[in-house]
$ cat model.pdb   # PDB, C-alpha atoms and all ligand atoms
ATOM      1  CA  MET A  26     -42.903 -31.292  69.456
ATOM      2  CA  ASN A  27     -40.879 -29.051  71.770
ATOM      3  CA  ARG A  28     -42.149 -25.580  72.748
ATOM      4  CA  GLY A  29     -39.257 -24.032  70.894
ATOM      5  CA  VAL A  30     -35.527 -23.630  70.639
ATOM      6  CA  PHE A  31     -32.985 -21.120  71.948
ATOM      7  CA  ILE A  32     -30.404 -19.968  69.408
ATOM      8  CA  THR A  33     -27.136 -18.942  70.991
ATOM      9  CA  GLY A  34     -23.756 -18.316  69.403
ATOM     10  CA  THR A  35     -20.060 -18.577  70.045
ATOM     11  CA  ASP A  36     -19.871 -14.765  69.920
ATOM     12  CA  THR A  37     -21.666 -11.661  68.772
ATOM     13  CA  GLU A  38     -22.057 -11.233  64.966
ATOM     14  CA  VAL A  39     -21.755 -14.966  64.194
ATOM     15  CA  GLY A  40     -25.157 -15.166  62.522
ATOM     16  CA  LYS A  41     -27.658 -15.895  65.314
ATOM     17  CA  THR A  42     -30.266 -13.609  63.746
ATOM     18  CA  VAL A  43     -29.720 -15.077  60.279
ATOM     19  CA  VAL A  44     -29.955 -18.666  61.527
ATOM     20  CA  SER A  45     -32.948 -17.935  63.818
ATOM     21  CA  ALA A  46     -34.823 -16.191  60.997
ATOM     22  CA  GLY A  47     -33.962 -18.977  58.565
ATOM     23  CA  ILE A  48     -35.230 -21.667  60.938
ATOM     24  CA  ALA A  49     -38.406 -19.736  61.809
ATOM     25  CA  GLY A  50     -39.163 -18.968  58.164
ATOM     26  CA  ALA A  51     -38.449 -22.520  57.013
ATOM     27  CA  LEU A  52     -40.662 -24.001  59.755
ATOM     28  CA  LYS A  53     -43.441 -21.623  58.761
ATOM     29  CA  THR A  54     -43.280 -22.864  55.161
ATOM     30  CA  ARG A  55     -43.824 -26.360  56.610
ATOM     31  CA  GLY A  56     -47.118 -25.128  58.021
ATOM     32  CA  ILE A  57     -45.990 -24.770  61.635
ATOM     33  CA  ASN A  58     -47.477 -21.966  63.737
ATOM     34  CA  VAL A  59     -44.073 -20.523  64.647
ATOM     35  CA  GLY A  60     -43.215 -17.486  66.755
ATOM     36  CA  VAL A  61     -39.995 -15.547  67.172
ATOM     37  CA  MET A  62     -38.461 -13.766  70.123
ATOM     38  CA  LYS A  63     -35.435 -11.578  70.874
ATOM     39  CA  PRO A  64     -35.837 -11.270  74.654
ATOM     40  CA  VAL A  65     -33.096  -8.666  75.153
ATOM     41  CA  ALA A  66     -31.784  -6.432  72.383
ATOM     42  CA  THR A  67     -29.186  -3.684  72.589
ATOM     43  CA  GLY A  68     -28.302  -1.231  69.826
ATOM     44  CA  ALA A  69     -32.026  -0.631  69.236
ATOM     45  CA  MET A  70     -33.119   2.387  67.187
ATOM     46  CA  MET A  71     -35.396   5.120  68.521
ATOM     47  CA  THR A  72     -38.431   5.650  66.273
ATOM     48  CA  GLU A  73     -41.855   7.305  66.609
ATOM     49  CA  ASP A  74     -43.112   3.955  67.915
ATOM     50  CA  GLY A  75     -40.365   3.715  70.528
ATOM     51  CA  LEU A  76     -37.195   1.619  70.524
ATOM     52  CA  ILE A  77     -37.010  -0.933  67.716
ATOM     53  CA  SER A  78     -34.484  -3.734  67.479
ATOM     54  CA  ASN A  79     -33.160  -4.599  64.048
ATOM     55  CA  ASP A  80     -32.840  -8.265  65.041
ATOM     56  CA  ALA A  81     -36.489  -8.417  66.142
ATOM     57  CA  GLN A  82     -37.596  -6.807  62.874
ATOM     58  CA  PHE A  83     -35.560  -9.299  60.815
ATOM     59  CA  LEU A  84     -36.985 -12.235  62.787
ATOM     60  CA  LEU A  85     -40.522 -10.945  62.295
ATOM     61  CA  LYS A  86     -39.910 -10.482  58.565
ATOM     62  CA  SER A  87     -38.932 -14.139  58.242
ATOM     63  CA  ILE A  88     -42.373 -15.222  59.427
ATOM     64  CA  ARG A  89     -44.170 -12.317  57.724
ATOM     65  CA  CYS A  90     -45.519 -10.985  60.987
ATOM     66  CA  ASP A  91     -45.292  -7.607  62.726
ATOM     67  CA  GLY A  92     -45.858  -8.131  66.401
ATOM     68  CA  PRO A  93     -46.806  -7.899  69.129
ATOM     69  CA  ARG A  94     -43.542  -6.067  69.741
ATOM     70  CA  GLU A  95     -43.788  -6.141  73.562
ATOM     71  CA  LEU A  96     -43.793  -9.951  73.459
ATOM     72  CA  ILE A  97     -41.278 -10.380  70.628
ATOM     73  CA  ASN A  98     -38.734  -8.003  72.178
ATOM     74  CA  PRO A  99     -39.678  -7.237  75.795
ATOM     75  CA  VAL A 100     -36.347  -5.558  76.636
ATOM     76  CA  SER A 101     -34.890  -3.048  74.172
ATOM     77  CA  ILE A 102     -31.891  -0.828  74.915
ATOM     78  CA  GLU A 103     -30.351   1.855  72.696
ATOM     79  CA  LEU A 104     -26.627   1.517  73.495
ATOM     80  CA  PRO A 105     -24.922  -1.196  71.376
ATOM     81  CA  LEU A 106     -23.227  -2.886  74.344
ATOM     82  CA  ALA A 107     -23.618  -5.929  76.575
ATOM     83  CA  PRO A 108     -26.916  -5.362  78.459
ATOM     84  CA  LEU A 109     -25.281  -4.960  81.881
ATOM     85  CA  VAL A 110     -22.825  -2.368  80.551
ATOM     86  CA  ALA A 111     -25.536  -0.468  78.639
ATOM     87  CA  CYS A 112     -27.764  -0.449  81.741
ATOM     88  CA  ARG A 113     -24.990   0.881  83.957
ATOM     89  CA  LEU A 114     -24.177   3.692  81.523
ATOM     90  CA  ASP A 115     -27.837   4.621  81.009
ATOM     91  CA  GLY A 116     -28.928   4.087  84.630
ATOM     92  CA  LEU A 117     -31.474   1.419  83.594
ATOM     93  CA  GLN A 118     -32.657  -1.667  85.419
ATOM     94  CA  ILE A 119     -33.919  -4.676  83.475
ATOM     95  CA  ASP A 120     -37.105  -6.253  84.784
ATOM     96  CA  LEU A 121     -36.302  -9.939  84.238
ATOM     97  CA  ASN A 122     -39.940 -10.939  84.829
ATOM     98  CA  LYS A 123     -40.849  -9.191  81.580
ATOM     99  CA  ILE A 124     -38.822 -11.808  79.685
ATOM    100  CA  THR A 125     -40.406 -14.894  81.214
ATOM    101  CA  ASP A 126     -43.899 -13.358  81.093
ATOM    102  CA  ALA A 127     -43.522 -12.502  77.400
ATOM    103  CA  PHE A 128     -42.247 -16.017  76.639
ATOM    104  CA  GLN A 129     -45.141 -17.660  78.500
ATOM    105  CA  ARG A 130     -47.649 -15.484  76.632
ATOM    106  CA  LEU A 131     -46.054 -16.176  73.245
ATOM    107  CA  THR A 132     -46.042 -19.927  73.790
ATOM    108  CA  LYS A 133     -49.800 -19.779  74.446
ATOM    109  CA  THR A 134     -50.441 -18.554  70.903
ATOM    110  CA  LYS A 135     -47.601 -20.322  69.035
ATOM    111  CA  ASP A 136     -46.758 -24.009  68.636
ATOM    112  CA  PHE A 137     -43.007 -23.428  68.409
ATOM    113  CA  VAL A 138     -40.982 -20.330  69.364
ATOM    114  CA  VAL A 139     -37.496 -19.568  68.016
ATOM    115  CA  VAL A 140     -35.689 -17.445  70.615
ATOM    116  CA  GLU A 141     -32.504 -15.562  69.684
ATOM    117  CA  GLY A 142     -30.056 -14.970  72.515
ATOM    118  CA  ILE A 143     -27.705 -12.044  72.904
ATOM    119  CA  GLY A 144     -23.968 -12.384  72.308
ATOM    120  CA  GLY A 145     -22.780 -15.689  73.786
ATOM    121  CA  VAL A 146     -23.769 -17.823  76.787
ATOM    122  CA  TRP A 147     -21.845 -15.892  79.438
ATOM    123  CA  VAL A 148     -22.974 -12.414  78.432
ATOM    124  CA  PRO A 149     -24.218 -10.609  81.556
ATOM    125  CA  ILE A 150     -27.791  -9.313  81.450
ATOM    126  CA  THR A 151     -27.552  -8.095  85.041
ATOM    127  CA  GLU A 152     -24.657  -8.521  87.491
ATOM    128  CA  ASP A 153     -25.944 -11.905  88.567
ATOM    129  CA  TYR A 154     -28.036 -13.096  85.620
ATOM    130  CA  PHE A 155     -26.361 -14.331  82.440
ATOM    131  CA  VAL A 156     -27.631 -15.597  79.080
ATOM    132  CA  CYS A 157     -27.183 -19.189  80.338
ATOM    133  CA  ASP A 158     -29.479 -18.354  83.290
ATOM    134  CA  MET A 159     -32.100 -17.110  80.857
ATOM    135  CA  ILE A 160     -31.826 -20.312  78.790
ATOM    136  CA  GLU A 161     -32.262 -22.380  81.943
ATOM    137  CA  GLU A 162     -35.265 -20.345  83.044
ATOM    138  CA  LEU A 163     -37.021 -20.586  79.662
ATOM    139  CA  GLY A 164     -36.373 -24.337  79.741
ATOM    140  CA  LEU A 165     -35.521 -24.596  76.046
ATOM    141  CA  PRO A 166     -32.994 -26.806  74.267
ATOM    142  CA  VAL A 167     -30.208 -24.911  72.534
ATOM    143  CA  ILE A 168     -28.605 -24.641  69.121
ATOM    144  CA  VAL A 169     -25.141 -23.104  68.947
ATOM    145  CA  VAL A 170     -24.329 -20.964  65.895
ATOM    146  CA  ALA A 171     -20.637 -20.851  65.042
ATOM    147  CA  ARG A 172     -18.415 -19.148  62.490
ATOM    148  CA  ALA A 173     -16.978 -21.309  59.749
ATOM    149  CA  GLY A 174     -13.271 -20.507  59.847
ATOM    150  CA  LEU A 175     -10.156 -20.837  61.956
ATOM    151  CA  GLY A 176     -10.796 -20.410  65.702
ATOM    152  CA  THR A 177     -14.268 -21.871  65.684
ATOM    153  CA  ILE A 178     -13.313 -25.289  67.116
ATOM    154  CA  ASN A 179     -12.226 -23.705  70.387
ATOM    155  CA  HIS A 180     -15.162 -21.267  70.615
ATOM    156  CA  THR A 181     -17.762 -23.908  69.778
ATOM    157  CA  LEU A 182     -16.383 -26.502  72.212
ATOM    158  CA  LEU A 183     -16.195 -23.882  74.980
ATOM    159  CA  THR A 184     -19.798 -22.855  74.378
ATOM    160  CA  ILE A 185     -21.093 -26.443  74.292
ATOM    161  CA  LYS A 186     -19.167 -27.283  77.480
ATOM    162  CA  ALA A 187     -20.484 -24.210  79.307
ATOM    163  CA  LEU A 188     -24.059 -25.201  78.436
ATOM    164  CA  GLN A 189     -23.587 -28.871  79.346
ATOM    165  CA  ASP A 190     -22.014 -27.908  82.683
ATOM    166  CA  ARG A 191     -25.328 -26.203  83.493
ATOM    167  CA  GLY A 192     -27.321 -29.277  82.461
ATOM    168  CA  ILE A 193     -28.767 -27.490  79.412
ATOM    169  CA  VAL A 194     -29.666 -29.720  76.442
ATOM    170  CA  VAL A 195     -27.620 -28.851  73.347
ATOM    171  CA  LYS A 196     -29.586 -30.042  70.306
ATOM    172  CA  GLY A 197     -26.794 -29.351  67.908
ATOM    173  CA  PHE A 198     -24.646 -26.724  66.279
ATOM    174  CA  ILE A 199     -24.848 -24.903  62.959
ATOM    175  CA  ILE A 200     -21.884 -23.530  61.065
ATOM    176  CA  ASN A 201     -22.813 -20.260  59.401
ATOM    177  CA  GLY A 202     -21.418 -18.268  56.513
ATOM    178  CA  ILE A 203     -19.268 -20.777  54.682
ATOM    179  CA  ASN A 204     -17.990 -19.671  51.298
ATOM    180  CA  GLU A 205     -18.946 -22.778  49.329
ATOM    181  CA  LYS A 206     -16.689 -22.182  46.313
ATOM    182  CA  GLU A 207     -13.563 -21.090  48.153
ATOM    183  CA  ALA A 208     -13.794 -22.848  51.514
ATOM    184  CA  THR A 209     -10.485 -22.996  53.385
ATOM    185  CA  ILE A 210      -9.137 -26.264  54.812
ATOM    186  CA  ALA A 211     -10.308 -25.132  58.263
ATOM    187  CA  GLU A 212     -13.807 -24.349  56.966
ATOM    188  CA  ARG A 213     -14.086 -27.721  55.245
ATOM    189  CA  THR A 214     -12.863 -29.783  58.191
ATOM    190  CA  ASN A 215     -14.203 -27.868  61.236
ATOM    191  CA  PRO A 216     -17.777 -29.238  61.194
ATOM    192  CA  GLU A 217     -16.748 -32.911  61.446
ATOM    193  CA  ILE A 218     -14.003 -32.226  63.989
ATOM    194  CA  ILE A 219     -16.385 -30.361  66.302
ATOM    195  CA  GLU A 220     -19.002 -33.106  65.922
ATOM    196  CA  GLU A 221     -16.430 -35.818  66.626
ATOM    197  CA  ILE A 222     -15.022 -34.168  69.763
ATOM    198  CA  SER A 223     -18.235 -32.768  71.250
ATOM    199  CA  ARG A 224     -20.505 -35.666  70.213
ATOM    200  CA  ILE A 225     -23.138 -33.036  69.536
ATOM    201  CA  PRO A 226     -24.870 -33.267  66.136
ATOM    202  CA  LEU A 227     -24.029 -30.911  63.313
ATOM    203  CA  LEU A 228     -27.433 -29.623  62.191
ATOM    204  CA  GLY A 229     -26.242 -27.841  59.092
ATOM    205  CA  VAL A 230     -23.711 -25.684  57.312
ATOM    206  CA  LEU A 231     -25.299 -22.507  55.981
ATOM    207  CA  PRO A 232     -23.542 -20.801  53.082
ATOM    208  CA  PHE A 233     -22.700 -17.111  52.855
ATOM    209  CA  ASP A 234     -25.336 -15.424  50.669
ATOM    210  CA  PRO A 235     -24.503 -11.829  49.650
ATOM    211  CA  LYS A 236     -28.218 -11.109  49.258
ATOM    212  CA  ILE A 237     -28.754 -11.490  53.023
ATOM    213  CA  ASP A 238     -28.304  -8.378  55.177
ATOM    214  CA  VAL A 239     -29.783  -8.072  58.651
ATOM    215  CA  SER A 240     -29.206  -4.301  58.963
ATOM    216  CA  SER A 241     -31.234  -3.487  55.833
ATOM    217  CA  LEU A 242     -33.737  -6.320  56.483
ATOM    218  CA  GLU A 243     -32.752  -8.135  53.269
ATOM    219  CA  ILE A 244     -33.649 -11.794  53.674
ATOM    220  CA  GLY A 245     -32.359 -12.968  50.243
ATOM    221  CA  ASP A 246     -32.742 -16.730  49.766
ATOM    222  CA  LEU A 247     -32.319 -17.428  53.479
ATOM    223  CA  ILE A 248     -35.474 -19.476  53.917
ATOM    224  CA  GLU A 249     -34.790 -21.683  50.879
ATOM    225  CA  LEU A 250     -31.135 -22.110  51.939
ATOM    226  CA  THR A 251     -32.168 -23.070  55.475
ATOM    227  CA  SER A 252     -34.713 -25.582  54.194
ATOM    228  CA  ARG A 253     -31.988 -27.113  52.021
ATOM    229  CA  TYR A 254     -29.021 -27.118  54.410
ATOM    230  CA  VAL A 255     -30.453 -27.337  57.954
ATOM    231  CA  ASP A 256     -31.893 -30.448  59.612
ATOM    232  CA  LEU A 257     -35.270 -29.011  60.645
ATOM    233  CA  SER A 258     -36.700 -32.363  61.745
ATOM    234  CA  THR A 259     -34.131 -32.732  64.545
ATOM    235  CA  ILE A 260     -34.821 -29.142  65.648
ATOM    236  CA  LEU A 261     -38.511 -29.939  66.046
ATOM    237  CA  LEU A 262     -37.971 -33.192  67.992
TER     238      LEU A 262
HETATM  239  N1  LIG B 301     -25.091 -16.730  55.848
HETATM  240  C1  LIG B 301     -24.916 -15.406  55.709
HETATM  241  N2  LIG B 301     -24.834 -14.842  54.485
HETATM  242  C2  LIG B 301     -24.636 -13.506  54.343
HETATM  243  N3  LIG B 301     -24.531 -12.636  55.374
HETATM  244  C3  LIG B 301     -24.619 -13.129  56.615
HETATM  245  C4  LIG B 301     -24.808 -14.532  56.851
HETATM  246  N4  LIG B 301     -24.854 -14.721  58.196
HETATM  247  C5  LIG B 301     -24.679 -13.510  58.745
HETATM  248  N5  LIG B 301     -24.556 -12.546  57.826
HETATM  249  C6  LIG B 301     -24.353 -11.113  58.071
HETATM  250  O1  LIG B 301     -23.385 -10.993  59.106
HETATM  251  C7  LIG B 301     -23.808 -10.035  60.085
HETATM  252  C8  LIG B 301     -23.962 -10.716  61.437
HETATM  253  O2  LIG B 301     -25.028 -11.658  61.383
HETATM  254  P1  LIG B 301     -26.164 -11.665  62.501
HETATM  255  O3  LIG B 301     -26.734 -10.309  62.666
HETATM  256  O4  LIG B 301     -27.112 -12.764  62.172
HETATM  257  O5  LIG B 301     -25.260 -12.045  63.770
HETATM  258  P2  LIG B 301     -25.709 -12.155  65.301
HETATM  259  O6  LIG B 301     -24.948 -13.282  65.891
HETATM  260  O7  LIG B 301     -27.190 -12.221  65.367
HETATM  261  O8  LIG B 301     -25.202 -10.771  65.881
HETATM  262  P3  LIG B 301     -25.676 -10.059  67.263
HETATM  263  O9  LIG B 301     -24.776 -10.624  68.317
HETATM  264  O10 LIG B 301     -25.417  -8.608  66.969
HETATM  265  O11 LIG B 301     -27.126 -10.355  67.488
HETATM  266  C9  LIG B 301     -25.096  -9.405  59.544
HETATM  267  O12 LIG B 301     -24.766  -8.223  58.850
HETATM  268  C10 LIG B 301     -25.631 -10.439  58.567
HETATM  269  O13 LIG B 301     -26.372  -9.834  57.520
HETATM  270 MG    MG B 302     -28.540 -10.898  66.250
END
$ encode --input "model.pdb" --output "structure tokens"
Amino acid sequence: MNRGVFITGTDTEVGKTVVSAGIAGALKTRGINVGVMKPVATGAMMTEDGLISNDAQFLLKSIRCDGPRELINPVSIELPLAPLVACRLDGLQIDLNKITDAFQRLTKTKDFVVVEGIGGVWVPITEDYFVCDMIEELGLPVIVVARAGLGTINHTLLTIKALQDRGIVVKGFIINGINEKEATIAERTNPEIIEEISRIPLLGVLPFDPKIDVSSLEIGDLIELTSRYVDLSTILL
């Protein structure tokens, strides 16, 4: 079994948190000692306990766990912007060692860690360190989360190519948020087309479930849906 998997996406808001939480929760129901991580989060909320990232909270909920926060989300920033932009506006400097240290410590206590990225693969964390650099440094294989509809062929192929150009292993891609009853022609045909052109395995098509909402920490039937529609065995290999 691998040490974990890095979940990236073709863009922001494509469903990385939903897919990461679904995978983590579904693996936990299989009896795996799974951990979650959101190394860098922006748009975090200030609370009495300090800055809290919604994504990190949702991930933790999926595995019914509540910390330790400093390992789950070592870098938390309030402004809802790309990390580099938020840091420039707020005069902050990200300590990149915090990310790798937290990951190393988490992997000591967990058998498999699901790591959610931020935005897409070329999002800048600092001026010379991008999400793809972080993936490389953590040494994890990647799953790409993509939208279901028109435009996703281009975005998914670009993301896969960018990762492969860096020598990063792409385990597969997952199409998220398909409307099962009223799928458009693009939604129905995109998964096979992307698989055919990229030669990267489709690991699942996750339906849209109105009961899921990351912002209010509503997990709905996400874990059951992930167990049914996502190829967990390939993710663990
Ligand atoms: N399969 C789904 N069913 C219902 N709602 C979904 C589904 N996938 C995503 N959403 C909703 O769409 C929004 C974006 O999803 P999510 O937060 O997982 O995206 P993200 O890629 O993690 O975004 P970010 O770049 O901000 O981290 C959220 O409000 C979430 O609740
Ligand atoms: Mg997210």
$ resolve_selection --input "model.pdb" --expression "the PyMOL selection byres (((chain A and resi 151) around 8) and not hetatm)" --output "list in words"
Pro108, Leu109, Ile119, Pro149, Ile150, Glu152, Asp153, Tyr154 and Phe155 of chain A
$ axis_aligned_box --input "model.pdb" --around "ligand LIG 301 (chain B)" --padding-each-side "6 Å" --output "JSON"
{"center_x": -25.3, "center_y": -12.5, "center_z": 61.3, "size_x": 15.8, "size_y": 20.5, "size_z": 26.0}
$ residues_around --input "model.pdb" --residues "A:Val39" --least-positions-apart "6" --cutoff "8 Å" --atoms "only C-alpha atoms" --output "NGL selection string"
:A and (170-172 or 201)
$ closest_atom_pairs --input "model.pdb" --of "chain A" --to "ligand MG 302 (chain B)" --cutoff "9 Å" --atoms "only C-alpha atoms and all ligand atoms" --output "tab-separated table"
residue	atom	partner	partner_atom	distance
A:Thr37	CA	B:MG302	MG	7.4
A:Glu38	CA	B:MG302	MG	6.6
A:Val39	CA	B:MG302	MG	8.2
A:Gly40	CA	B:MG302	MG	6.6
A:Lys41	CA	B:MG302	MG	5.2
A:Thr42	CA	B:MG302	MG	4.1
A:Val43	CA	B:MG302	MG	7.4
A:Ser45	CA	B:MG302	MG	8.7
A:Lys63	CA	B:MG302	MG	8.3
A:Ala66	CA	B:MG302	MG	8.3
A:Asn79	CA	B:MG302	MG	8.1
A:Asp80	CA	B:MG302	MG	5.2
A:Ala81	CA	B:MG302	MG	8.3
A:Glu141	CA	B:MG302	MG	7.0
A:Gly142	CA	B:MG302	MG	7.6
A:Ile143	CA	B:MG302	MG	6.8
A:Gly144	CA	B:MG302	MG	7.7
A:Val239	CA	B:MG302	MG	8.2
$ resolve_selection --input "model.pdb" --expression "the PyMOL selection byres (((chain A and resi 177) around 12) and not hetatm)" --output "MDAnalysis selection string"
chainID A and resid 34:36 39 169:176 178:185 198:201 211:216 218:219
$ residues_around --input "model.pdb" --residues "stretch 159-162 of chain A" --least-positions-apart "4" --cutoff "10 Å" --atoms "all atoms listed in the file" --output "ChimeraX atom specification"
/A:30-33,64,121,124-125,140,142,146,150,154-155,166-167,188,191-194
$ closest_residue --input "model.pdb" --among "A:Ile222, A:Leu231, A:Val138, A:Ile88" --to "A:Ala51" --atoms "only C-alpha atoms"
A:Ile88
$ resolve_selection --input "model.pdb" --expression "the PyMOL selection byres (((chain A and resi 115) around 12) and not hetatm)" --output "list in words"
Thr67, Ile102, Glu103, Leu104, Pro105, Leu106, Pro108, Leu109, Val110, Ala111, Cys112, Arg113, Leu114, Gly116, Leu117, Gln118 and Ile119 of chain A
$ write_last_selection --input "model.pdb" --atoms "C-alpha atoms" --output "PDB file, in the coordinates of the input"
ATOM      1  CA  THR A  67     -29.186  -3.684  72.589  1.00  0.00           C
ATOM      2  CA  ILE A 102     -31.891  -0.828  74.915  1.00  0.00           C
ATOM      3  CA  GLU A 103     -30.351   1.855  72.696  1.00  0.00           C
ATOM      4  CA  LEU A 104     -26.627   1.517  73.495  1.00  0.00           C
ATOM      5  CA  PRO A 105     -24.922  -1.196  71.376  1.00  0.00           C
ATOM      6  CA  LEU A 106     -23.227  -2.886  74.344  1.00  0.00           C
ATOM      7  CA  PRO A 108     -26.916  -5.362  78.459  1.00  0.00           C
ATOM      8  CA  LEU A 109     -25.281  -4.960  81.881  1.00  0.00           C
ATOM      9  CA  VAL A 110     -22.825  -2.368  80.551  1.00  0.00           C
ATOM     10  CA  ALA A 111     -25.536  -0.468  78.639  1.00  0.00           C
ATOM     11  CA  CYS A 112     -27.764  -0.449  81.741  1.00  0.00           C
ATOM     12  CA  ARG A 113     -24.990   0.881  83.957  1.00  0.00           C
ATOM     13  CA  LEU A 114     -24.177   3.692  81.523  1.00  0.00           C
ATOM     14  CA  GLY A 116     -28.928   4.087  84.630  1.00  0.00           C
ATOM     15  CA  LEU A 117     -31.474   1.419  83.594  1.00  0.00           C
ATOM     16  CA  GLN A 118     -32.657  -1.667  85.419  1.00  0.00           C
ATOM     17  CA  ILE A 119     -33.919  -4.676  83.475  1.00  0.00           C
TER      18      ILE A 119
END
$ decode --input "model.pdb" --residues "stretch 72-79 of chain A" --atoms "all heavy atoms" --output "CSV table (one decimal), in the first residue's frame"
chain,number,residue,atom,x,y,z
A,72,THR,N,-11.4,32.1,14.4
A,72,THR,CA,-12.3,31.7,15.6
A,72,THR,C,-11.4,31.8,16.9
A,72,THR,O,-10.3,32.2,16.8
A,72,THR,CB,-12.6,30.2,15.5
A,72,THR,OG1,-11.4,29.4,15.7
A,72,THR,CG2,-13.2,29.8,14.1
A,73,GLU,N,-12.1,31.5,18.0
A,73,GLU,CA,-11.4,31.6,19.3
A,73,GLU,C,-10.1,30.7,19.3
A,73,GLU,O,-9.1,31.0,20.0
A,73,GLU,CB,-12.3,31.1,20.4
A,73,GLU,CG,-13.3,32.2,20.8
A,73,GLU,CD,-14.3,31.7,21.8
A,73,GLU,OE1,-14.2,30.5,22.2
A,73,GLU,OE2,-15.1,32.5,22.3
A,74,ASP,N,-10.2,29.6,18.5
A,74,ASP,CA,-9.1,28.7,18.5
A,74,ASP,C,-8.1,29.0,17.3
A,74,ASP,O,-7.2,28.2,17.0
A,74,ASP,CB,-9.6,27.2,18.2
A,74,ASP,CG,-10.5,26.8,19.3
A,74,ASP,OD1,-10.3,27.2,20.5
A,74,ASP,OD2,-11.4,26.0,19.1
A,75,GLY,N,-8.2,30.2,16.8
A,75,GLY,CA,-7.3,30.6,15.7
A,75,GLY,C,-8.0,30.3,14.3
A,75,GLY,O,-9.2,30.1,14.2
A,76,LEU,N,-7.2,30.4,13.3
A,76,LEU,CA,-7.7,30.3,11.9
A,76,LEU,C,-8.2,28.8,11.6
A,76,LEU,O,-7.4,27.9,11.9
A,76,LEU,CB,-6.7,30.7,10.9
A,76,LEU,CG,-6.5,32.2,10.7
A,76,LEU,CD1,-5.3,32.4,9.8
A,76,LEU,CD2,-7.7,32.8,10.1
A,77,ILE,N,-9.4,28.7,11.1
A,77,ILE,CA,-9.9,27.3,10.8
A,77,ILE,C,-10.3,27.2,9.4
A,77,ILE,O,-11.1,28.1,8.9
A,77,ILE,CB,-11.0,26.9,11.8
A,77,ILE,CG1,-10.4,26.8,13.2
A,77,ILE,CG2,-11.6,25.6,11.3
A,77,ILE,CD1,-11.4,26.3,14.2
A,78,SER,N,-9.8,26.2,8.7
A,78,SER,CA,-10.2,26.0,7.3
A,78,SER,C,-11.4,25.1,7.2
A,78,SER,O,-11.4,24.0,7.7
A,78,SER,CB,-9.0,25.4,6.5
A,78,SER,OG,-9.4,24.5,5.5
A,79,ASN,N,-12.3,25.6,6.4
A,79,ASN,CA,-13.5,24.8,6.1
A,79,ASN,C,-13.2,23.5,5.5
A,79,ASN,O,-13.8,22.4,5.9
A,79,ASN,CB,-14.4,25.6,5.2
A,79,ASN,CG,-15.9,25.3,5.3
A,79,ASN,OD1,-16.4,24.8,4.3
A,79,ASN,ND2,-16.5,25.4,6.4
